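run_14.txt follows; it contains compact mmCIF, N, CA and C atoms.
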```txt
# COMPACT_ATOMS: atom_id res chain seq x y z
N HIS A 1 -1.59 4.48 -23.61
CA HIS A 1 -2.69 3.62 -23.24
C HIS A 1 -2.29 2.15 -23.28
N TYR A 2 -1.44 1.84 -24.26
CA TYR A 2 -1.01 0.45 -24.39
C TYR A 2 -0.23 -0.01 -23.17
N LEU A 3 0.67 0.82 -22.68
CA LEU A 3 1.46 0.47 -21.51
C LEU A 3 0.58 0.29 -20.28
N ASP A 4 -0.42 1.15 -20.13
CA ASP A 4 -1.36 1.00 -19.01
C ASP A 4 -2.10 -0.34 -19.09
N PHE A 5 -2.52 -0.70 -20.29
CA PHE A 5 -3.22 -1.96 -20.48
C PHE A 5 -2.32 -3.16 -20.16
N VAL A 6 -1.11 -3.13 -20.64
CA VAL A 6 -0.17 -4.23 -20.41
C VAL A 6 0.15 -4.36 -18.93
N MET A 7 0.38 -3.25 -18.26
CA MET A 7 0.68 -3.29 -16.83
C MET A 7 -0.51 -3.81 -16.03
N LEU A 8 -1.73 -3.43 -16.42
CA LEU A 8 -2.92 -3.93 -15.75
C LEU A 8 -3.06 -5.44 -15.95
N MET A 9 -2.77 -5.93 -17.13
CA MET A 9 -2.87 -7.36 -17.40
C MET A 9 -1.79 -8.13 -16.63
N PHE A 10 -0.58 -7.60 -16.58
CA PHE A 10 0.47 -8.25 -15.78
C PHE A 10 0.07 -8.32 -14.32
N PHE A 11 -0.47 -7.23 -13.81
CA PHE A 11 -0.89 -7.20 -12.42
C PHE A 11 -2.03 -8.18 -12.17
N ALA A 12 -3.01 -8.23 -13.07
CA ALA A 12 -4.15 -9.12 -12.90
C ALA A 12 -3.72 -10.58 -12.94
N PHE A 13 -2.89 -10.94 -13.89
CA PHE A 13 -2.44 -12.33 -13.98
C PHE A 13 -1.52 -12.69 -12.82
N GLY A 14 -0.70 -11.75 -12.38
CA GLY A 14 0.14 -12.00 -11.21
C GLY A 14 -0.68 -12.23 -9.96
N LEU A 15 -1.71 -11.43 -9.79
CA LEU A 15 -2.61 -11.61 -8.64
C LEU A 15 -3.37 -12.92 -8.74
N CYS A 16 -3.72 -13.29 -9.96
CA CYS A 16 -4.44 -14.54 -10.20
C CYS A 16 -3.64 -15.75 -9.73
N PHE A 17 -2.34 -15.72 -9.90
CA PHE A 17 -1.51 -16.85 -9.53
C PHE A 17 -1.22 -16.93 -8.03
N GLU A 18 -1.72 -15.98 -7.28
CA GLU A 18 -1.58 -16.02 -5.83
C GLU A 18 -2.76 -16.73 -5.15
N ILE A 19 -3.77 -17.11 -5.89
CA ILE A 19 -4.97 -17.73 -5.31
C ILE A 19 -4.64 -18.98 -4.50
N PRO A 20 -3.88 -19.95 -5.02
CA PRO A 20 -3.58 -21.14 -4.21
C PRO A 20 -2.78 -20.82 -2.95
N VAL A 21 -1.89 -19.85 -3.03
CA VAL A 21 -1.09 -19.48 -1.86
C VAL A 21 -1.98 -18.92 -0.77
N VAL A 22 -2.91 -18.07 -1.15
CA VAL A 22 -3.84 -17.49 -0.18
C VAL A 22 -4.72 -18.57 0.43
N GLN A 23 -5.18 -19.51 -0.38
CA GLN A 23 -6.02 -20.59 0.14
C GLN A 23 -5.26 -21.44 1.17
N VAL A 24 -4.03 -21.78 0.88
CA VAL A 24 -3.24 -22.60 1.80
C VAL A 24 -2.98 -21.84 3.10
N ILE A 25 -2.66 -20.56 2.99
CA ILE A 25 -2.41 -19.77 4.20
C ILE A 25 -3.67 -19.66 5.04
N LEU A 26 -4.81 -19.40 4.42
CA LEU A 26 -6.06 -19.30 5.17
C LEU A 26 -6.43 -20.63 5.83
N ALA A 27 -6.20 -21.73 5.14
CA ALA A 27 -6.50 -23.04 5.71
C ALA A 27 -5.52 -23.40 6.82
N ALA A 28 -4.25 -23.04 6.66
CA ALA A 28 -3.25 -23.35 7.67
C ALA A 28 -3.49 -22.57 8.96
N THR A 29 -4.00 -21.36 8.83
CA THR A 29 -4.29 -20.56 10.02
C THR A 29 -5.62 -20.93 10.65
N GLY A 30 -6.41 -21.73 9.97
CA GLY A 30 -7.68 -22.17 10.51
C GLY A 30 -8.84 -21.26 10.21
N LEU A 31 -8.65 -20.27 9.35
CA LEU A 31 -9.75 -19.36 9.02
C LEU A 31 -10.79 -20.01 8.11
N VAL A 32 -10.35 -20.90 7.25
CA VAL A 32 -11.28 -21.66 6.40
C VAL A 32 -10.89 -23.13 6.44
N SER A 33 -11.84 -23.97 6.15
CA SER A 33 -11.57 -25.40 6.10
C SER A 33 -11.67 -25.88 4.66
N LEU A 34 -11.25 -27.11 4.45
CA LEU A 34 -11.31 -27.69 3.12
C LEU A 34 -12.76 -27.79 2.65
N GLN A 35 -13.64 -28.18 3.54
CA GLN A 35 -15.06 -28.30 3.19
C GLN A 35 -15.64 -26.95 2.80
N ARG A 36 -15.24 -25.91 3.51
CA ARG A 36 -15.76 -24.57 3.20
C ARG A 36 -15.25 -24.11 1.83
N LEU A 37 -13.99 -24.38 1.52
CA LEU A 37 -13.47 -24.02 0.20
C LEU A 37 -14.22 -24.76 -0.90
N LYS A 38 -14.55 -26.01 -0.65
CA LYS A 38 -15.31 -26.77 -1.64
C LYS A 38 -16.72 -26.23 -1.79
N SER A 39 -17.33 -25.85 -0.69
CA SER A 39 -18.70 -25.34 -0.76
C SER A 39 -18.76 -23.94 -1.38
N TRP A 40 -17.68 -23.18 -1.30
CA TRP A 40 -17.62 -21.85 -1.90
C TRP A 40 -17.23 -21.87 -3.36
N ARG A 41 -17.06 -23.04 -3.94
CA ARG A 41 -16.56 -23.16 -5.32
C ARG A 41 -17.41 -22.37 -6.31
N ARG A 42 -18.73 -22.49 -6.21
CA ARG A 42 -19.61 -21.79 -7.15
C ARG A 42 -19.47 -20.28 -7.02
N TYR A 43 -19.40 -19.81 -5.79
CA TYR A 43 -19.26 -18.38 -5.56
C TYR A 43 -17.90 -17.88 -6.04
N ALA A 44 -16.89 -18.70 -5.90
CA ALA A 44 -15.55 -18.31 -6.36
C ALA A 44 -15.53 -18.18 -7.88
N ILE A 45 -16.22 -19.06 -8.58
CA ILE A 45 -16.27 -18.99 -10.03
C ILE A 45 -17.00 -17.72 -10.48
N VAL A 46 -18.10 -17.41 -9.83
CA VAL A 46 -18.84 -16.18 -10.17
C VAL A 46 -18.00 -14.95 -9.85
N ALA A 47 -17.31 -14.96 -8.71
CA ALA A 47 -16.45 -13.83 -8.35
C ALA A 47 -15.30 -13.69 -9.34
N ALA A 48 -14.72 -14.82 -9.76
CA ALA A 48 -13.65 -14.77 -10.75
C ALA A 48 -14.15 -14.22 -12.07
N ALA A 49 -15.35 -14.59 -12.46
CA ALA A 49 -15.93 -14.06 -13.70
C ALA A 49 -16.16 -12.56 -13.59
N ALA A 50 -16.61 -12.11 -12.44
CA ALA A 50 -16.84 -10.68 -12.24
C ALA A 50 -15.52 -9.91 -12.27
N VAL A 51 -14.50 -10.45 -11.62
CA VAL A 51 -13.18 -9.79 -11.63
C VAL A 51 -12.61 -9.77 -13.04
N ALA A 52 -12.71 -10.89 -13.74
CA ALA A 52 -12.19 -10.96 -15.10
C ALA A 52 -12.93 -9.99 -16.02
N ALA A 53 -14.23 -9.86 -15.84
CA ALA A 53 -15.01 -8.94 -16.68
C ALA A 53 -14.67 -7.49 -16.36
N ALA A 54 -14.39 -7.20 -15.09
CA ALA A 54 -14.10 -5.82 -14.70
C ALA A 54 -12.70 -5.40 -15.12
N ILE A 55 -11.76 -6.31 -15.08
CA ILE A 55 -10.36 -5.94 -15.34
C ILE A 55 -10.04 -5.92 -16.83
N THR A 56 -10.53 -6.89 -17.56
CA THR A 56 -10.14 -7.01 -18.96
C THR A 56 -10.96 -6.09 -19.85
N PRO A 57 -10.50 -5.86 -21.07
CA PRO A 57 -11.29 -5.07 -22.02
C PRO A 57 -12.60 -5.80 -22.35
N PRO A 58 -13.55 -5.10 -22.94
CA PRO A 58 -14.87 -5.71 -23.16
C PRO A 58 -14.93 -6.70 -24.32
N ASP A 59 -14.07 -7.70 -24.30
CA ASP A 59 -14.20 -8.79 -25.27
C ASP A 59 -14.09 -10.11 -24.51
N ILE A 60 -14.75 -11.11 -25.02
CA ILE A 60 -14.87 -12.39 -24.33
C ILE A 60 -13.54 -13.14 -24.30
N THR A 61 -12.69 -12.94 -25.30
CA THR A 61 -11.43 -13.67 -25.36
C THR A 61 -10.52 -13.33 -24.20
N SER A 62 -10.31 -12.06 -23.96
CA SER A 62 -9.43 -11.68 -22.85
C SER A 62 -10.05 -12.02 -21.50
N MET A 63 -11.38 -11.95 -21.42
CA MET A 63 -12.04 -12.34 -20.18
C MET A 63 -11.81 -13.82 -19.90
N LEU A 64 -11.96 -14.64 -20.90
CA LEU A 64 -11.74 -16.08 -20.72
C LEU A 64 -10.28 -16.40 -20.43
N LEU A 65 -9.37 -15.61 -21.03
CA LEU A 65 -7.95 -15.84 -20.77
C LEU A 65 -7.58 -15.56 -19.32
N LEU A 66 -8.36 -14.77 -18.63
CA LEU A 66 -8.13 -14.54 -17.21
C LEU A 66 -9.00 -15.45 -16.35
N LEU A 67 -10.21 -15.71 -16.79
CA LEU A 67 -11.15 -16.52 -15.99
C LEU A 67 -10.72 -17.97 -15.87
N VAL A 68 -10.32 -18.58 -16.96
CA VAL A 68 -9.97 -20.01 -16.94
C VAL A 68 -8.79 -20.29 -15.99
N PRO A 69 -7.70 -19.53 -16.05
CA PRO A 69 -6.63 -19.79 -15.09
C PRO A 69 -7.06 -19.55 -13.63
N MET A 70 -7.93 -18.58 -13.41
CA MET A 70 -8.39 -18.33 -12.04
C MET A 70 -9.18 -19.52 -11.50
N VAL A 71 -10.03 -20.10 -12.31
CA VAL A 71 -10.81 -21.26 -11.88
C VAL A 71 -9.90 -22.47 -11.68
N ILE A 72 -8.98 -22.69 -12.59
CA ILE A 72 -8.05 -23.82 -12.46
C ILE A 72 -7.18 -23.65 -11.22
N LEU A 73 -6.72 -22.44 -10.97
CA LEU A 73 -5.90 -22.20 -9.79
C LEU A 73 -6.69 -22.32 -8.50
N TYR A 74 -7.97 -22.01 -8.52
CA TYR A 74 -8.81 -22.23 -7.34
C TYR A 74 -8.89 -23.73 -7.04
N GLU A 75 -9.08 -24.52 -8.08
CA GLU A 75 -9.13 -25.97 -7.90
C GLU A 75 -7.78 -26.52 -7.43
N LEU A 76 -6.69 -26.01 -7.98
CA LEU A 76 -5.36 -26.44 -7.52
C LEU A 76 -5.12 -26.02 -6.08
N GLY A 77 -5.68 -24.90 -5.68
CA GLY A 77 -5.58 -24.47 -4.29
C GLY A 77 -6.29 -25.43 -3.36
N ILE A 78 -7.43 -25.94 -3.78
CA ILE A 78 -8.15 -26.93 -2.98
C ILE A 78 -7.32 -28.20 -2.85
N VAL A 79 -6.70 -28.62 -3.94
CA VAL A 79 -5.83 -29.81 -3.89
C VAL A 79 -4.63 -29.55 -2.98
N ALA A 80 -4.06 -28.36 -3.06
CA ALA A 80 -2.91 -28.03 -2.22
C ALA A 80 -3.30 -28.01 -0.74
N VAL A 81 -4.48 -27.51 -0.43
CA VAL A 81 -4.94 -27.53 0.96
C VAL A 81 -5.13 -28.96 1.43
N ARG A 82 -5.68 -29.80 0.58
CA ARG A 82 -5.89 -31.21 0.94
C ARG A 82 -4.55 -31.90 1.23
N VAL A 83 -3.52 -31.57 0.44
CA VAL A 83 -2.23 -32.23 0.59
C VAL A 83 -1.39 -31.62 1.71
N LEU A 84 -1.36 -30.31 1.79
CA LEU A 84 -0.43 -29.63 2.69
C LEU A 84 -0.96 -29.36 4.09
N VAL A 85 -2.25 -29.17 4.23
CA VAL A 85 -2.81 -28.78 5.53
C VAL A 85 -3.59 -29.94 6.10
N ARG A 86 -3.14 -30.39 7.24
CA ARG A 86 -3.83 -31.48 7.93
C ARG A 86 -4.78 -30.90 8.95
N PRO A 87 -6.01 -31.41 9.01
CA PRO A 87 -6.96 -30.90 10.01
C PRO A 87 -6.52 -31.29 11.41
N LYS A 88 -6.78 -30.39 12.35
CA LYS A 88 -6.44 -30.67 13.74
C LYS A 88 -7.47 -31.61 14.33
N PRO A 89 -7.04 -32.56 15.14
CA PRO A 89 -8.02 -33.41 15.81
C PRO A 89 -8.91 -32.59 16.74
N ALA A 90 -10.11 -33.07 16.99
CA ALA A 90 -11.09 -32.32 17.79
C ALA A 90 -10.58 -32.12 19.22
N ALA A 91 -9.88 -33.10 19.78
CA ALA A 91 -9.37 -32.99 21.17
C ALA A 91 -8.31 -31.87 21.26
N ASP A 92 -7.43 -31.79 20.28
CA ASP A 92 -6.40 -30.76 20.28
C ASP A 92 -7.02 -29.37 20.11
N ALA A 93 -8.05 -29.28 19.28
CA ALA A 93 -8.69 -27.99 19.03
C ALA A 93 -9.41 -27.51 20.30
N ALA A 94 -10.05 -28.42 21.01
CA ALA A 94 -10.75 -28.05 22.23
C ALA A 94 -9.75 -27.69 23.33
N GLU A 95 -8.63 -28.39 23.35
CA GLU A 95 -7.60 -28.13 24.35
C GLU A 95 -6.95 -26.77 24.14
N GLN A 96 -6.73 -26.39 22.89
CA GLN A 96 -6.08 -25.12 22.60
C GLN A 96 -7.02 -23.94 22.84
N SER A 97 -8.33 -24.14 22.68
CA SER A 97 -9.26 -23.06 22.86
C SER A 97 -9.49 -22.73 24.33
N SER A 98 -9.22 -23.69 25.24
CA SER A 98 -9.43 -23.41 26.66
C SER A 98 -8.19 -23.02 27.39
```
Re-express the file's structure as structure tokens.
Amino acid sequence: HYLDFVMLMFFAFGLCFEIPVVQVILAATGLVSLQRLKSWRRYAIVAAAAVAAAITPPDITSMLLLLVPMVILYELGIVAVRVLVRPKPAADAAEQSS
């Protein structure tokens, strides 16, 4: 049982650290914008709390140990999108769509 628990925690924390990468990829492909990521912040925190509660054992300490990095990494993902992904000008976007 201990090995199963440790492997689940490694997997959960590893997946947690992919949040900024996913945000940058989604923003670079144009599926989400910086404004949308900012507006989804509250929902992301609630979703992170739900994931942390579902994955970790039923104690608050381990839940917080997963929740806090997820929230911090979501915020770092927003900063990374702001720095790395430049919005397309409206003329270029209209030109590419036609």
DSSP on the backbone: which residues in chain A end up as alpha helix (DSSP H)? Give the answer as a ChimeraX atom specification. /A:2-16,19-29,34-39,41-55,60-84,90-97
For each of A:Lys38, A:Asp4, A:Leu15, A:Ser33, take the minimum atom-to-atom distance to Leu76 of chain A, counting only C-alpha atoms, then give the residue where this is smallest. A:Lys38
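With distances restricted to only N, CA and C atoms, A:Val24 is the closest residue to Val81 of chain A from A:Val24, A:Ala47, A:Val6, A:Leu31.
Residues in contact with Leu8 of chain A at up to 8 Å, not including ones fewer than 6 positions away on its chain and judged by only N, CA and C atoms, are Tyr2, Gly14, Ile55 and Thr56 of chain A.
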With 6 Å on each side, where is the centre of the axis-aligned box around all listed atoms of segment 52-58 of chain A, and how long are its edges in Å to one decimal, as JSON?
```
{"center_x": -12.5, "center_y": -8.0, "center_z": -19.0, "size_x": 17.0, "size_y": 17.9, "size_z": 22.6}
```
I'd like to know which of A:His1, A:Arg86, A:Arg41, A:Arg36 is closest to Ile72 of chain A, using only C-alpha atoms. A:Arg41
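Taking all atoms listed in the file, the non-local environment of Leu67 of chain A within 8 Å (same-chain residues fewer than 2 positions away omitted) comprises Ala48, Ala49, Ala50, Val51, Ala52, Ala53, Thr61, Ser62, Met63, Leu64, Leu65, Pro69, Met70, Val71, Ile72 and Leu73 of chain A.
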Have a look at atom CA of Gly30 of chain A and atom N of Tyr74 of chain A and let me know their distance in Å, one decimal. 19.0 Å
Suppose you want the space between atom CA of Gln23 of chain A and atom N of Trp40 of chain A; what is it in Å? 12.0 Å
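Between atom N of Phe17 of chain A and atom N of Leu66 of chain A the interatomic distance comes to 10.6 Å.
Using only C-alpha atoms, the nearest neighbour of Val83 of chain A within the list A:Ile19, A:Ala28, A:Leu3, A:Val46 is A:Ala28.
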